[in-house]
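Written below as structure tokens is the structure these notes are about.
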Amino acid sequence: MTTLGQIFSFIGALLVLYSVYSKNKKNMIKLQCCTNISCILANVFLKGYPGIVANTILATRHILEINNKLTKTSTTILCILIISVGLYCNNLGLFGLLPVVSSTTFIILAYLIKSVQNMRLCVFITQFLWMFYDYHIKSYPLAVVDFFIVSASIIEYLRNVYKIRKEKKLA
């Protein structure tokens with residue numbers, strides 16, 4: 001069972017890594033939705049109940065956004081759900097709070113953020129928390145890939161900041 005969990009974790013991690021390099025927000029969100037589905041399966045096999053809850057609610061959020069149905073009200077409901085159900089299903093103590101905090105942060109920031117550049121920063125922040133959770137549930141392949149996602153997100157973010165500054169100097 002653990003091996004299946006790690007395989008699904010690895011697939012999900014590769015998808016989110018690929019999403020970091022998306023050129024538009026909609027493609028990024030589609031890839032992250034696929035990531036969530038893979039990570040739901042991984043958490044089932046690794047008995048990470050807070051991760052199941054967080055990824056299910058995040059997938060729902062992504063589907064709403066893809067279909068242009070994400071509103072302030074639905075965002076608020078999703079945040080309440082993830083906090084209440086995530087805390088109720090927490091079987092991992094403090095580490096079980098990481099998916100709840102990370103996902104709530106992502107839901108709020110992703111609703112407010114419109115640019116791909118700032119979404120990269122959002123991915124950095126949330127994946128940083130997931131990295132510790134994944135390590136704790138012994139999803140080592142995902143924890144390693146999370147580290148690379150965190151690194152790639154911050155490198156891509158800084159690369160774009162440098163590019164924007166360079167373009168402003170040339171203008």
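Here, A, B, ... name the chains of the structure tokens in the order displayed, residue numbers run from 1 inside each chain, and ligands are numbered from 1 in the same displayed order.
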Kindly provide the residues of region 41-87 of chain A that approach region 20-31 of chain A to within 8 Å, each paired with its closest atom pair and their distance in Å to one decimal, based on only C-alpha atoms, listed by chain and increasing number, as a tab-separated table.
```
residue	atom	partner	partner_atom	distance
A:His62	CA	A:Ile29	CA	6.0
A:Ile63	CA	A:Lys30	CA	8.0
A:Glu65	CA	A:Ile29	CA	7.9
A:Ile66	CA	A:Lys26	CA	6.6
```
Convert the current residue selection to file output with N, CA and C atoms, as a JSON list (two decimals), in the first residue's frame.
```json
[["chain", "number", "residue", "atom", "x", "y", "z"],
["A", 62, "HIS", "N", -10.48, 24.10, -7.76],
["A", 62, "HIS", "CA", -9.93, 24.21, -9.11],
["A", 62, "HIS", "C", -11.00, 24.01, -10.18],
["A", 63, "ILE", "N", -11.87, 23.05, -9.94],
["A", 63, "ILE", "CA", -12.97, 22.80, -10.90],
["A", 63, "ILE", "C", -13.88, 24.02, -10.98],
["A", 65, "GLU", "N", -13.02, 27.10, -10.43],
["A", 65, "GLU", "CA", -12.30, 28.17, -11.12],
["A", 65, "GLU", "C", -12.24, 27.90, -12.63],
["A", 66, "ILE", "N", -11.96, 26.67, -13.01],
["A", 66, "ILE", "CA", -11.89, 26.33, -14.44],
["A", 66, "ILE", "C", -13.22, 26.64, -15.13]]
```
What are the DSSP helix (DSSP H, G or I) residues of region 22-100 of chain A, as a PyMOL selection string? chain A and resi 25-46+49-66+72-88+94-100
Set the distance at 12 Å and use only C-alpha atoms: which residues neighbour Val161 (chain A) once local chain neighbours fewer than 4 positions away are removed? I'd like the list as an NGL selection string. :A and (117-118 or 120-121 or 154-157 or 165-168)
How would the residues just picked look written out with N, CA and C atoms as a short mmCIF file (atom, residue, chain, number, x, y, z; two decimals), in the first residue's frame?
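Everything below was put into out-v3.cif:
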```
data_model
loop_
_atom_site.label_atom_id
_atom_site.label_comp_id
_atom_site.auth_asym_id
_atom_site.auth_seq_id
_atom_site.Cartn_x
_atom_site.Cartn_y
_atom_site.Cartn_z
N GLN A 117 2.72 35.23 -12.28
CA GLN A 117 3.92 35.48 -11.48
C GLN A 117 3.63 35.34 -9.99
N ASN A 118 2.54 35.93 -9.54
CA ASN A 118 2.19 35.84 -8.12
C ASN A 118 1.67 34.45 -7.76
N ARG A 120 2.99 31.76 -8.88
CA ARG A 120 4.23 31.01 -8.63
C ARG A 120 4.67 31.18 -7.18
N LEU A 121 4.56 32.39 -6.67
CA LEU A 121 4.91 32.65 -5.28
C LEU A 121 3.96 31.92 -4.34
N ILE A 154 10.57 29.33 -6.76
CA ILE A 154 11.26 30.55 -6.36
C ILE A 154 12.25 31.00 -7.44
N ILE A 155 12.90 30.04 -8.11
CA ILE A 155 13.81 30.40 -9.20
C ILE A 155 13.05 31.05 -10.34
N GLU A 156 11.92 30.46 -10.73
CA GLU A 156 11.11 31.01 -11.82
C GLU A 156 10.56 32.39 -11.44
N TYR A 157 10.15 32.53 -10.18
CA TYR A 157 9.65 33.82 -9.70
C TYR A 157 10.76 34.88 -9.79
N ARG A 165 12.44 43.76 -14.34
CA ARG A 165 13.31 44.90 -14.00
C ARG A 165 14.20 45.28 -15.17
N LYS A 166 14.69 44.28 -15.87
CA LYS A 166 15.55 44.52 -17.03
C LYS A 166 14.77 45.23 -18.14
N GLU A 167 13.53 44.81 -18.37
CA GLU A 167 12.68 45.44 -19.39
C GLU A 167 12.36 46.87 -19.03
N LYS A 168 12.17 47.17 -17.73
CA LYS A 168 11.88 48.53 -17.30
C LYS A 168 13.09 49.44 -17.50
#
```
Surrounding residues of Tyr88 (chain A) excluding itself and chain neighbours under 3 positions, 12 Å, only C-alpha atoms, as a list in words: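 The residues that qualify are Tyr49, Pro50, Val53, Ala54, Leu81, Ile82, Ile83, Ser84, Val85, Asn91, Leu92, Gly93, Gly96, Leu97 and Val100 of chain A.
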My list of candidates is A:Leu98, A:Met119, A:Leu142, A:Val150. Which is closest to Leu14 (chain A) when distances are computed with only C-alpha atoms?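 Checking each candidate against Leu14 (chain A), we get A:Leu142 as the closest.
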Nearest residue to Ile108 (chain A) from the set A:Ser74, A:His136, A:Gln32, A:Ala152 (distances using only C-alpha atoms):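 With only C-alpha atoms as the atom set, the closest residue is A:Ser74.
Note that the spacing between CA of Thr126 (chain A) and CA of Thr71 (chain A) amounts to 21.2 Å.
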Pairwise distance for CA of Ser19 (chain A) and CA of Lys47 (chain A), rounded to one decimal in Å: 26.0 Å
I want to know what sits within 8 Å of Val145 (chain A), based on only C-alpha atoms, with residues of the same chain fewer than 2 positions away left out; could you give that as a count of residues only? 10
From the list A:Gly48, A:Phe128, A:Asn43, A:Tyr111, the nearest residue to Lys69 (chain A) using only C-alpha atoms is A:Tyr111
For Ser103 (chain A), which residue among A:Leu170, A:Leu58, A:Ile11, A:Leu46 is the nearest when counting only C-alpha atoms?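 Comparing A:Leu170, A:Leu58, A:Ile11, A:Leu46 against Ser103 (chain A), the winner is A:Leu58.
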Residue among A:Tyr140, A:Trp130, A:Phe106, A:Phe95 lying closest to Phe8 (chain A), counting only C-alpha atoms: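 Once distances to Phe8 (chain A) are computed over only C-alpha atoms, the minimum belongs to A:Tyr140.
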Who sits within 8 Å of Leu78 (chain A), only C-alpha atoms, same chain under 6 positions skipped, as JSON, numbers by chain: {"A": [57, 61, 107]}
Could you save those same residues with C-alpha atoms as a short mmCIF file (atom, residue, chain, number, x, y, z; two decimals), in the first residue's frame?
```
data_model
loop_
_atom_site.label_atom_id
_atom_site.label_comp_id
_atom_site.auth_asym_id
_atom_site.auth_seq_id
_atom_site.Cartn_x
_atom_site.Cartn_y
_atom_site.Cartn_z
CA ILE A 57 -11.44 20.53 -1.41
CA ARG A 61 -11.89 24.76 -5.91
CA ILE A 107 -7.61 29.00 -1.56
#
```
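In terms of minimum interatomic distance to Thr60 (chain A), A:Asn36 ranks closest within A:Gly5, A:Asn36, A:Phe124, A:Thr76, counting only C-alpha atoms.
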